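Engineer: This is the structure I have questions about; it appears just below.
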Amino acid sequence: MRRQVGLLSRTALCTVLFLTAAGLPASAASYTFSDIRIEGNALIDPATILSFAAVPKGQSISDGGLNDVVQRLNDSGLFASVDVIPSGGTLIIRVVENPTINIINFEGNKKIKDEDLAKVIKSQSRRVYSAAQAEADAQALIEAYTETGRLAARIEPRVIDRGDNKVDLVFEIREGKVTEVERLSFTGNRAFSDRRLRQVLETKQAGIFRQIIQRDTFVADRVDVDKQLLTDFYRSRGYIDAAVTSVSSEFSTERDGFFLTFAIREGLKYSFDDIRVVSEVEGVDAAEFGKLVRIRKGVAYSPTAIDTTITRLENLAVKKGLNFVSVEPRISRDEATQTLDVTFVLTKGPKVFVERIDIEGNATTLDKVVRRQFRTVEGDPFSPREIRQSAERVRALGYFKDAQVNARGGSSEDQVIVDVNVEEKPTGSLNFGASYSISDGLGFNIGLTEANFLGRGQYINVKIGTTADQKDSGITFIEPNLLDRDLKLKLSAWYRTSENSNSRYSTKRLGFSPSLEFPLAERTKLELRYSVSSDEIFSVDTNSSPILKAEEARGSEVTSALGYSLSFDTERSETDPTERLLLTFGQDFAGVGGDIDSITTTGLAKYQKKIFNEEVTLRAEFEAGAVVSRSADTRLVDRFTGNGKIRGFEANGIGPRDLSVGNQDALGGNMFAALRFDAEFPLGLPEEYGITGGVFADIGSVWGLDSPGGVDDGLHLRSAVGVSILWDSTLGPLRFNFSKAIQKESYDKEQTFDFTISTQF
């Protein structure tokens with residue numbers, strides 16, 4: 001039959017060519033079918049085949065139309081072969097079905113689990129096998145490996161015949177090695193060194209821990225992020241025209257590594273000059289708005305400073321009931337002086353309202369957690385700037401791999417719909433860790449953390465840690481938006497014990513503290529708290545000071561206190577990324593019930609500045625505290641020990657001591673003060689090692705007792721200088737301090753070397 005069909009086809013072709021050469025018209029064959037018969041199908045319903053074929057009954061169809069029928073059936077992916085055979089008024093469609101997939105296996109994969117690979121492909125067990133789909137699945141699997149940095153991955157789909165028209169589909173995988181970034185280079189950069197710019201990038205160079213660090217693998221999507229990070233870095237430092245013009249990538253000779261080169265156009269650095277606010281809205285006084293401008297003349301241009309100022313002005317407009325008033329920054333530049341004049345213009349915008357906010361993709365996170373990041377609600381005037389800032393707040397939550405916020409037209413011209421599409425990521429972790437320090441020795445800890453508890457945006461942490469001399473366990477719960485307001489609720493409970501930590505006594509502390517934190521201004525926050533604890537000192541050695549023995553005799557005492565902390569942090573509205581100022585001040589008033597009646601006051605001032613094109617970081621800190629008892633003498637557990645305040649001395653190594661007894665344990669003091677200076681700088685080592693150097697100098701003291709007796713509790717300054725090696729390792733940030741005490745008392749305990757490590761595995 002097929003031979004006859006082929007012969008007829010060749011005869012017809014010759015006839016057409018002859019007629020054409022003779023100048024006679026050639027007509028294509030035409031068929032009309034009153035019946036269609038399906039042959040060869042076992043699993044696929046005839047109605048399904050007819051729907052794909054789409055052959056009109058009782059209507060004329062040409063040879064070309066029959067070819068289209070064959071093509072449609074082949075494109076369905078259901079058949080190994082298809083024949084259409086006209087037989088008088090009947091069309092016979094003869095098919096050979098593709099086999100059914102019995103099982104799907106993955107062979108050779110070690111880095112990605114079977115269940116994760118199964119989520120990538122579209123072929124499924126007990127479905128019809130399609131060679132085209134299997135090839136597409138193989139390509140999708142290769143792309144999945146590419147995202148993990150394995151550009152050399154190769155995947156071949158194989159079919160194993162199991163009889164009864166069933167096959168096993170096997171994907172044979174050769175994962176290949178991780179393609180690492182061997183070198184990150186830059187061209188066109190004059191203001192900042194390669195070392196500084198590499199710190200900005202999300203991608204890192206392969207270093208000595210290349211088998212552990214994942215950010216040194218080449219991922220194409222990460223390069224786009226790096227380009228934006230570099231652009232933002234430059235523009236926040238005054239380079240208004242900065243751009244990454246291109247990124248070139250080259251394979252290493254072994255084809256297991258990339259060399260990336262970012263081409264940068266820096267442009268000129270500009271500073272702010274004349275800053276003004278003008279109003280184009282009738283009846284609005286620009287002078288009142290001008291009082292909110294915080295940009296100083298001579299400061300390097302920063303988009304953050306512009307956006308922050310606009311937000312302040314627009315918020316004031318909303319408070320004054322001036323809806324649809326927007327702020328437009330008009331910038332004029334003077335290339336000769338490299339300065340910018342900025343005029344913030346109050347204008348009347350179009351009357352557009354937010355119809356609704358649609359949130360999708362949040363399978364775990366509740367809608368309200370995302371929605372409360374929007375200061376705009378349904379029915380409010382639409383502000384594109386506010387929507388962009390809301391999108392940034394959603395991303396900053398840390399609950400999502402990606403968050404896209406877009407606006408589209410609503411049901412009318414004056415309505416818009418805000419679409420929020422998020423992709424969730426795991427927010428919980430179970431950590432097992434080890435720690436080591438000179439003073440505490442080897443320790444172990446376990447912690448459970450969930451940053452998005454029950455999808456409500458709540459934070460919970462449970463930890464248990466132990467060293468040779470100390471045990472520390474606690475639980476913390478944080479509700480960041482109590483009553484859906486900018487009000488943070490924090491609940492903490494702890495249980496801590498210490499035994500013979502450079503001393504001849506032990507302590508036990510059990511407590512609970514709720515607190516509320518809320519903003520007072522853009523950079524200022526206030527925390528109100530209550531705390532209750534049961535504390536005691538016990539196992540005091542017989543050769544210890546009478547002061548400690550008297551405190552042991554008091555037994556366990558309850559402290560019930562109300563307190564507050566006021567903090568000012570320029571990082572909350574960063575206008576100059578090269579410097580930061582942090583100020584905190586707090587007091588706790590014990591005596592709201594309980595056994596203790598005292599006032600404890602603490603304060604901290606910290607300033608950080610990056611100099612020499614941000615290669616060197618300088619820090620200065622001043623910290624002080626005082627505790628005043630209004631009834632009985634203060635206790636050791638309430639006084640300050642100076643631990644961690646002044647480097648170069650052991651834990652409990654400074655402060656008042658009773659020199660008339662054998663133990664001469666540190667007794668702590670009612671007051672302390674410490675001034676610390678640090679400088680951190682590169683050592684010239686490859687930055688992928690993460691090793692930098694530092695120098696420091698500390699000075700301070702711990703002094704004052706209520707009833708010193710024969711104890712010297714005077715103000716004696718201690719000071720120390722030293723050098724540090726800082727290593728941002730895969731185990732965590734490590735610091736090696738080598739110090740020398742300059743000023744000290746004869747009974748102080750020095751510590752010339754200190755090393756700390758914290759790791760999770």
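The way I read the labels, and the way they are meant: chains A, B, ... in the order of the structure tokens, residue 1 as the first residue of every chain, and ligand 1 as the first ligand shown, with later ones counted on from there.
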Name the residues in contact with Thr602 (chain A) at a cut-off of 8 Å, using only C-alpha atoms, excluding same-chain residues fewer than 6 positions from it; report them as a list in words.

Structural biologist: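 My list of contacting residues is Phe585, Gly586, Gln587, Glu623, Ala624, Gly625 and Ala626 of chain A.
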
Engineer: May I have the residues from that selection written out with N, CA, C and O atoms, as a short mmCIF file (atom, residue, chain, number, x, y, z; two decimals), in the first residue's frame?

Structural biologist:
```
data_model
loop_
_atom_site.label_atom_id
_atom_site.label_comp_id
_atom_site.auth_asym_id
_atom_site.auth_seq_id
_atom_site.Cartn_x
_atom_site.Cartn_y
_atom_site.Cartn_z
N PHE A 585 21.67 56.23 75.52
CA PHE A 585 21.64 56.59 76.94
C PHE A 585 20.47 55.86 77.58
O PHE A 585 19.36 55.83 77.04
N GLY A 586 20.71 55.22 78.73
CA GLY A 586 19.66 54.45 79.38
C GLY A 586 19.77 54.47 80.88
O GLY A 586 20.86 54.67 81.45
N GLN A 587 18.63 54.25 81.53
CA GLN A 587 18.57 54.16 82.98
C GLN A 587 17.58 53.07 83.38
O GLN A 587 16.56 52.87 82.71
N GLU A 623 32.35 54.96 76.52
CA GLU A 623 31.30 54.25 77.24
C GLU A 623 31.47 54.48 78.73
O GLU A 623 32.60 54.50 79.24
N ALA A 624 30.38 54.66 79.43
CA ALA A 624 30.45 54.91 80.87
C ALA A 624 29.17 54.42 81.53
O ALA A 624 28.13 54.23 80.88
N GLY A 625 29.27 54.20 82.84
CA GLY A 625 28.10 53.76 83.59
C GLY A 625 28.27 54.01 85.07
O GLY A 625 29.39 54.16 85.58
N ALA A 626 27.13 54.07 85.78
CA ALA A 626 27.15 54.28 87.23
C ALA A 626 25.93 53.62 87.83
O ALA A 626 24.84 53.62 87.24
#
```

Engineer: Within 9 Å of Val558 (chain A), counting only C-alpha atoms, which residues show up once you throw out same-chain ones fewer than 5 positions away? Write them as a list in words, please.

Structural biologist: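 These residues fall inside the cut-off: Val532, Ser533, Ser534, Asp535, Gly593, Gly594, Asp595 and Ile596 of chain A.
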
Engineer: Those residues with N, CA, C and O atoms, as an mmCIF file, in the first residue's frame please?

Structural biologist:
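Dumped everything to part_36.cif:
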```cif
data_model
loop_
_atom_site.group_PDB
_atom_site.id
_atom_site.type_symbol
_atom_site.label_atom_id
_atom_site.label_comp_id
_atom_site.auth_asym_id
_atom_site.auth_seq_id
_atom_site.Cartn_x
_atom_site.Cartn_y
_atom_site.Cartn_z
ATOM 1 N N VAL A 532 12.565 41.807 85.745
ATOM 2 C CA VAL A 532 12.538 41.199 87.067
ATOM 3 C C VAL A 532 13.510 40.030 87.033
ATOM 4 O O VAL A 532 13.538 39.250 86.066
ATOM 5 N N SER A 533 14.344 39.934 88.071
ATOM 6 C CA SER A 533 15.343 38.872 88.091
ATOM 7 C C SER A 533 15.635 38.447 89.519
ATOM 8 O O SER A 533 15.456 39.216 90.471
ATOM 9 N N SER A 534 16.060 37.207 89.622
ATOM 10 C CA SER A 534 16.514 36.663 90.900
ATOM 11 C C SER A 534 17.990 36.346 90.760
ATOM 12 O O SER A 534 18.377 35.532 89.909
ATOM 13 N N ASP A 535 18.827 37.006 91.569
ATOM 14 C CA ASP A 535 20.267 36.885 91.430
ATOM 15 C C ASP A 535 20.892 36.543 92.787
ATOM 16 O O ASP A 535 20.417 37.006 93.832
ATOM 17 N N GLY A 593 8.911 47.249 93.796
ATOM 18 C CA GLY A 593 8.816 45.947 94.429
ATOM 19 C C GLY A 593 10.205 45.341 94.496
ATOM 20 O O GLY A 593 11.226 45.981 94.197
ATOM 21 N N GLY A 594 10.322 44.093 94.897
ATOM 22 C CA GLY A 594 11.611 43.425 94.962
ATOM 23 C C GLY A 594 12.422 43.842 96.173
ATOM 24 O O GLY A 594 11.956 44.555 97.067
ATOM 25 N N ASP A 595 13.689 43.390 96.200
ATOM 26 C CA ASP A 595 14.569 43.616 97.343
ATOM 27 C C ASP A 595 15.597 44.718 97.108
ATOM 28 O O ASP A 595 16.253 45.151 98.043
ATOM 29 N N ILE A 596 15.781 45.146 95.870
ATOM 30 C CA ILE A 596 16.840 46.083 95.519
ATOM 31 C C ILE A 596 16.240 47.442 95.190
ATOM 32 O O ILE A 596 15.215 47.541 94.508
#
```

Engineer: How many Å lie between CA of Leu685 (chain A) and CA of Phe262 (chain A), rounded to one decimal?

Structural biologist: 21.3 Å

Engineer: Can you tell me which residues surround Ile155 (chain A) at a distance of at most 9 Å, considering only C-alpha atoms, apart from same-chain residues fewer than 2 positions away, and format the answer as an MDAnalysis selection string?

Structural biologist: chainID A and resid 138:139 141:142 153 157 171:175

Engineer: Can I get the selection written as an mmCIF file, in the first residue's frame, with N, CA, C and O atoms?

Structural biologist:
```
data_model
loop_
_atom_site.group_PDB
_atom_site.id
_atom_site.type_symbol
_atom_site.label_atom_id
_atom_site.label_comp_id
_atom_site.auth_asym_id
_atom_site.auth_seq_id
_atom_site.Cartn_x
_atom_site.Cartn_y
_atom_site.Cartn_z
ATOM 1 N N ALA A 138 15.987 18.176 29.892
ATOM 2 C CA ALA A 138 17.436 18.106 30.065
ATOM 3 C C ALA A 138 18.043 19.504 30.064
ATOM 4 O O ALA A 138 18.935 19.811 30.861
ATOM 5 N N GLN A 139 17.539 20.363 29.177
ATOM 6 C CA GLN A 139 18.047 21.732 29.135
ATOM 7 C C GLN A 139 17.684 22.495 30.405
ATOM 8 O O GLN A 139 18.484 23.279 30.920
ATOM 9 N N LEU A 141 17.322 21.192 33.346
ATOM 10 C CA LEU A 141 18.202 20.692 34.400
ATOM 11 C C LEU A 141 19.593 21.321 34.299
ATOM 12 O O LEU A 141 20.222 21.655 35.307
ATOM 13 N N ILE A 142 20.076 21.504 33.071
ATOM 14 C CA ILE A 142 21.369 22.161 32.873
ATOM 15 C C ILE A 142 21.322 23.588 33.410
ATOM 16 O O ILE A 142 22.265 24.063 34.060
ATOM 17 N N ALA A 153 28.099 21.316 33.483
ATOM 18 C CA ALA A 153 27.164 20.199 33.651
ATOM 19 C C ALA A 153 26.646 19.713 32.292
ATOM 20 O O ALA A 153 26.337 20.525 31.410
ATOM 21 N N PRO A 157 19.137 12.587 28.299
ATOM 22 C CA PRO A 157 17.967 11.751 28.598
ATOM 23 C C PRO A 157 18.081 10.399 27.890
ATOM 24 O O PRO A 157 18.384 10.339 26.695
ATOM 25 N N PHE A 171 17.696 10.372 33.330
ATOM 26 C CA PHE A 171 18.549 11.514 33.009
ATOM 27 C C PHE A 171 19.944 11.218 33.562
ATOM 28 O O PHE A 171 20.142 11.159 34.775
ATOM 29 N N GLU A 172 20.887 10.982 32.636
ATOM 30 C CA GLU A 172 22.263 10.711 33.027
ATOM 31 C C GLU A 172 22.986 12.051 33.188
ATOM 32 O O GLU A 172 23.074 12.845 32.252
ATOM 33 N N ILE A 173 23.492 12.286 34.388
ATOM 34 C CA ILE A 173 24.014 13.604 34.755
ATOM 35 C C ILE A 173 25.512 13.542 35.009
ATOM 36 O O ILE A 173 25.997 12.689 35.748
ATOM 37 N N ARG A 174 26.226 14.435 34.378
ATOM 38 C CA ARG A 174 27.628 14.697 34.708
ATOM 39 C C ARG A 174 27.676 16.131 35.232
ATOM 40 O O ARG A 174 27.585 17.092 34.460
ATOM 41 N N GLU A 175 27.781 16.238 36.536
ATOM 42 C CA GLU A 175 27.635 17.546 37.172
ATOM 43 C C GLU A 175 28.791 18.495 36.862
ATOM 44 O O GLU A 175 28.596 19.705 36.755
#
```

Engineer: Within 10 Å of Asp486 (chain A), counting only C-alpha atoms, which residues show up once you throw out same-chain ones fewer than 6 positions away? Write them as a PyMOL selection string, please.

Structural biologist: chain A and resi 372-373+480+517-519

Engineer: Output the selection as a tab-separated table (two decimals), in the first residue's frame - C-alpha atoms for each residue.

Structural biologist:
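Output (again.tsv):
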```
chain	number	residue	atom	x	y	z
A	372	ARG	CA	1.85	46.91	56.76
A	373	GLN	CA	5.04	47.83	54.91
A	480	PRO	CA	8.06	44.05	65.25
A	517	GLU	CA	10.44	50.27	71.32
A	518	PHE	CA	9.12	53.01	69.03
A	519	PRO	CA	10.55	55.92	67.00
```

Engineer: Assign secondary structure with DSSP using the backbone only, and return the residues of region 255-468 of chain A in helix (DSSP H, G or I) as a PyMOL selection string.

Structural biologist: chain A and resi 286-290+303-319+367-371+384-396

Engineer: Which one is closest to Lys110 (chain A): A:Gly653, A:Gly176, A:Gly64, A:Pro86? Count only C-alpha atoms.

Structural biologist: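 The closest residue to Lys110 (chain A) is A:Gly176.
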
Engineer: Write out as a JSON list (two decimals) with C-alpha atoms, in the first residue's frame which residues come within 12 Å of Asp75 (chain A) when counting only C-alpha atoms, dropping same-chain ones fewer than 2 positions away.

Structural biologist:
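What ended up in out26.json:
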```json
[["chain", "number", "residue", "atom", "x", "y", "z"],
["A", 49, "ILE", "CA", -7.14, 12.58, 18.35],
["A", 52, "PHE", "CA", -5.94, 17.62, 17.36],
["A", 53, "ALA", "CA", -6.62, 16.58, 13.74],
["A", 68, "ASP", "CA", -1.44, 20.11, 8.16],
["A", 69, "VAL", "CA", -3.46, 17.37, 9.90],
["A", 70, "VAL", "CA", -0.33, 15.21, 10.12],
["A", 71, "GLN", "CA", 1.68, 18.15, 11.44],
["A", 72, "ARG", "CA", -0.87, 18.95, 14.16],
["A", 73, "LEU", "CA", -0.94, 15.37, 15.37],
["A", 77, "GLY", "CA", 3.75, 14.95, 21.26],
["A", 78, "LEU", "CA", 1.48, 11.94, 21.78],
["A", 79, "PHE", "CA", 2.53, 9.81, 18.80],
["A", 80, "ALA", "CA", 5.66, 8.14, 17.48],
["A", 81, "SER", "CA", 4.27, 8.20, 13.91],
["A", 82, "VAL", "CA", 1.14, 9.38, 12.08],
["A", 130, "SER", "CA", 7.68, 12.88, 24.49],
["A", 131, "ALA", "CA", 11.22, 13.00, 23.11],
["A", 132, "ALA", "CA", 10.95, 16.75, 22.59],
["A", 133, "GLN", "CA", 9.83, 17.28, 26.18]]
```

Engineer: Can you tell me which residues surround Thr304 (chain A) at a distance of at most 12 Å, considering only C-alpha atoms, apart from same-chain residues fewer than 2 positions away, and format the answer as JSON, numbers by chain?

Structural biologist: {"A": [232, 233, 235, 236, 237, 238, 294, 295, 300, 301, 302, 306, 307, 308, 309, 310, 311, 389, 571, 572, 573, 574, 575, 576, 577]}

Engineer: Restricting it to N, CA, C and O atoms, dump the selection as a tab-separated table (two decimals), in the first residue's frame.

Structural biologist:
```
chain	number	residue	atom	x	y	z
A	232	ASP	N	25.30	52.10	42.53
A	232	ASP	CA	24.78	52.73	43.76
A	232	ASP	C	25.93	53.20	44.65
A	232	ASP	O	25.83	54.26	45.29
A	233	PHE	N	27.00	52.41	44.71
A	233	PHE	CA	28.14	52.78	45.53
A	233	PHE	C	28.73	54.11	45.09
A	233	PHE	O	28.98	55.01	45.90
A	235	ARG	N	27.35	56.49	43.13
A	235	ARG	CA	26.42	57.63	43.17
A	235	ARG	C	26.16	58.10	44.60
A	235	ARG	O	25.90	59.28	44.81
A	236	SER	N	26.23	57.19	45.56
A	236	SER	CA	26.04	57.60	46.95
A	236	SER	C	27.23	58.37	47.49
A	236	SER	O	27.18	58.93	48.58
A	237	ARG	N	28.30	58.42	46.70
A	237	ARG	CA	29.51	59.13	47.12
A	237	ARG	C	29.80	60.33	46.23
A	237	ARG	O	30.93	60.83	46.19
A	238	GLY	N	28.78	60.80	45.53
A	238	GLY	CA	28.90	62.04	44.78
A	238	GLY	C	29.13	61.89	43.30
A	238	GLY	O	29.12	62.90	42.57
A	294	ARG	N	17.74	68.94	55.60
A	294	ARG	CA	18.90	68.67	56.43
A	294	ARG	C	20.20	68.57	55.62
A	294	ARG	O	21.25	68.28	56.17
A	295	ILE	N	20.13	68.80	54.33
A	295	ILE	CA	21.31	68.68	53.48
A	295	ILE	C	22.23	69.87	53.72
A	295	ILE	O	21.81	71.02	53.66
A	300	ALA	N	29.07	65.65	49.92
A	300	ALA	CA	29.02	64.93	48.64
A	300	ALA	C	27.59	64.56	48.28
A	300	ALA	O	26.78	64.19	49.14
A	301	TYR	N	27.27	64.67	47.01
A	301	TYR	CA	25.93	64.32	46.53
A	301	TYR	C	25.59	62.88	46.89
A	301	TYR	O	26.43	61.98	46.80
A	302	SER	N	24.34	62.67	47.27
A	302	SER	CA	23.86	61.33	47.59
A	302	SER	C	22.38	61.23	47.22
A	302	SER	O	21.59	62.07	47.65
A	306	ILE	N	18.63	63.08	48.83
A	306	ILE	CA	17.53	63.65	48.05
A	306	ILE	C	16.22	62.96	48.41
A	306	ILE	O	15.21	63.60	48.69
A	307	ASP	N	16.23	61.60	48.39
A	307	ASP	CA	15.01	60.85	48.67
A	307	ASP	C	14.51	61.09	50.09
A	307	ASP	O	13.30	61.20	50.32
A	308	THR	N	15.43	61.15	51.05
A	308	THR	CA	15.03	61.38	52.43
A	308	THR	C	14.37	62.74	52.59
A	308	THR	O	13.36	62.88	53.29
A	309	THR	N	14.93	63.74	51.94
A	309	THR	CA	14.35	65.09	52.01
A	309	THR	C	12.97	65.13	51.38
A	309	THR	O	12.04	65.73	51.93
A	310	ILE	N	12.82	64.49	50.23
A	310	ILE	CA	11.51	64.46	49.56
A	310	ILE	C	10.48	63.79	50.46
A	310	ILE	O	9.34	64.26	50.58
A	311	THR	N	10.88	62.68	51.10
A	311	THR	CA	9.95	61.99	52.00
A	311	THR	C	9.52	62.89	53.14
A	311	THR	O	8.32	62.94	53.49
A	389	GLN	N	9.34	53.07	47.91
A	389	GLN	CA	9.90	52.91	49.25
A	389	GLN	C	9.25	51.74	49.98
A	389	GLN	O	9.92	51.02	50.73
A	571	GLU	N	22.67	55.92	60.89
A	571	GLU	CA	22.51	54.87	59.89
A	571	GLU	C	21.05	54.70	59.49
A	571	GLU	O	20.74	54.19	58.41
A	572	ARG	N	20.12	55.13	60.33
A	572	ARG	CA	18.70	54.97	60.02
A	572	ARG	C	18.25	55.86	58.87
A	572	ARG	O	17.23	55.63	58.26
A	573	SER	N	18.99	56.94	58.61
A	573	SER	CA	18.70	57.78	57.45
A	573	SER	C	20.04	58.19	56.85
A	573	SER	O	20.45	59.34	56.90
A	574	GLU	N	20.72	57.20	56.31
A	574	GLU	CA	22.10	57.37	55.86
A	574	GLU	C	22.18	58.41	54.76
A	574	GLU	O	21.56	58.30	53.71
A	575	THR	N	22.94	59.46	55.02
A	575	THR	CA	23.22	60.47	53.99
A	575	THR	C	24.68	60.45	53.58
A	575	THR	O	25.02	60.84	52.48
A	576	ASP	N	25.56	60.02	54.46
A	576	ASP	CA	26.98	59.87	54.16
A	576	ASP	C	27.40	58.46	54.53
A	576	ASP	O	27.57	58.14	55.70
A	577	PRO	N	27.55	57.56	53.54
A	577	PRO	CA	27.85	56.15	53.87
A	577	PRO	C	29.24	55.93	54.42
A	577	PRO	O	29.57	54.83	54.84
```

Engineer: Find the residue from A:Val721, A:Val540, A:Val159, A:Ala118 that sits nearest to Pro99 (chain A); use only C-alpha atoms when measuring.

Structural biologist: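 Selected residue with least distance to Pro99 (chain A): A:Val159.
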
Engineer: Based on DSSP run over this structure's backbone, return all residues of region 107-219 of chain A in strand (DSSP E), as a PyMOL selection string.

Structural biologist: chain A and resi 107+154-163+166-174+180-187
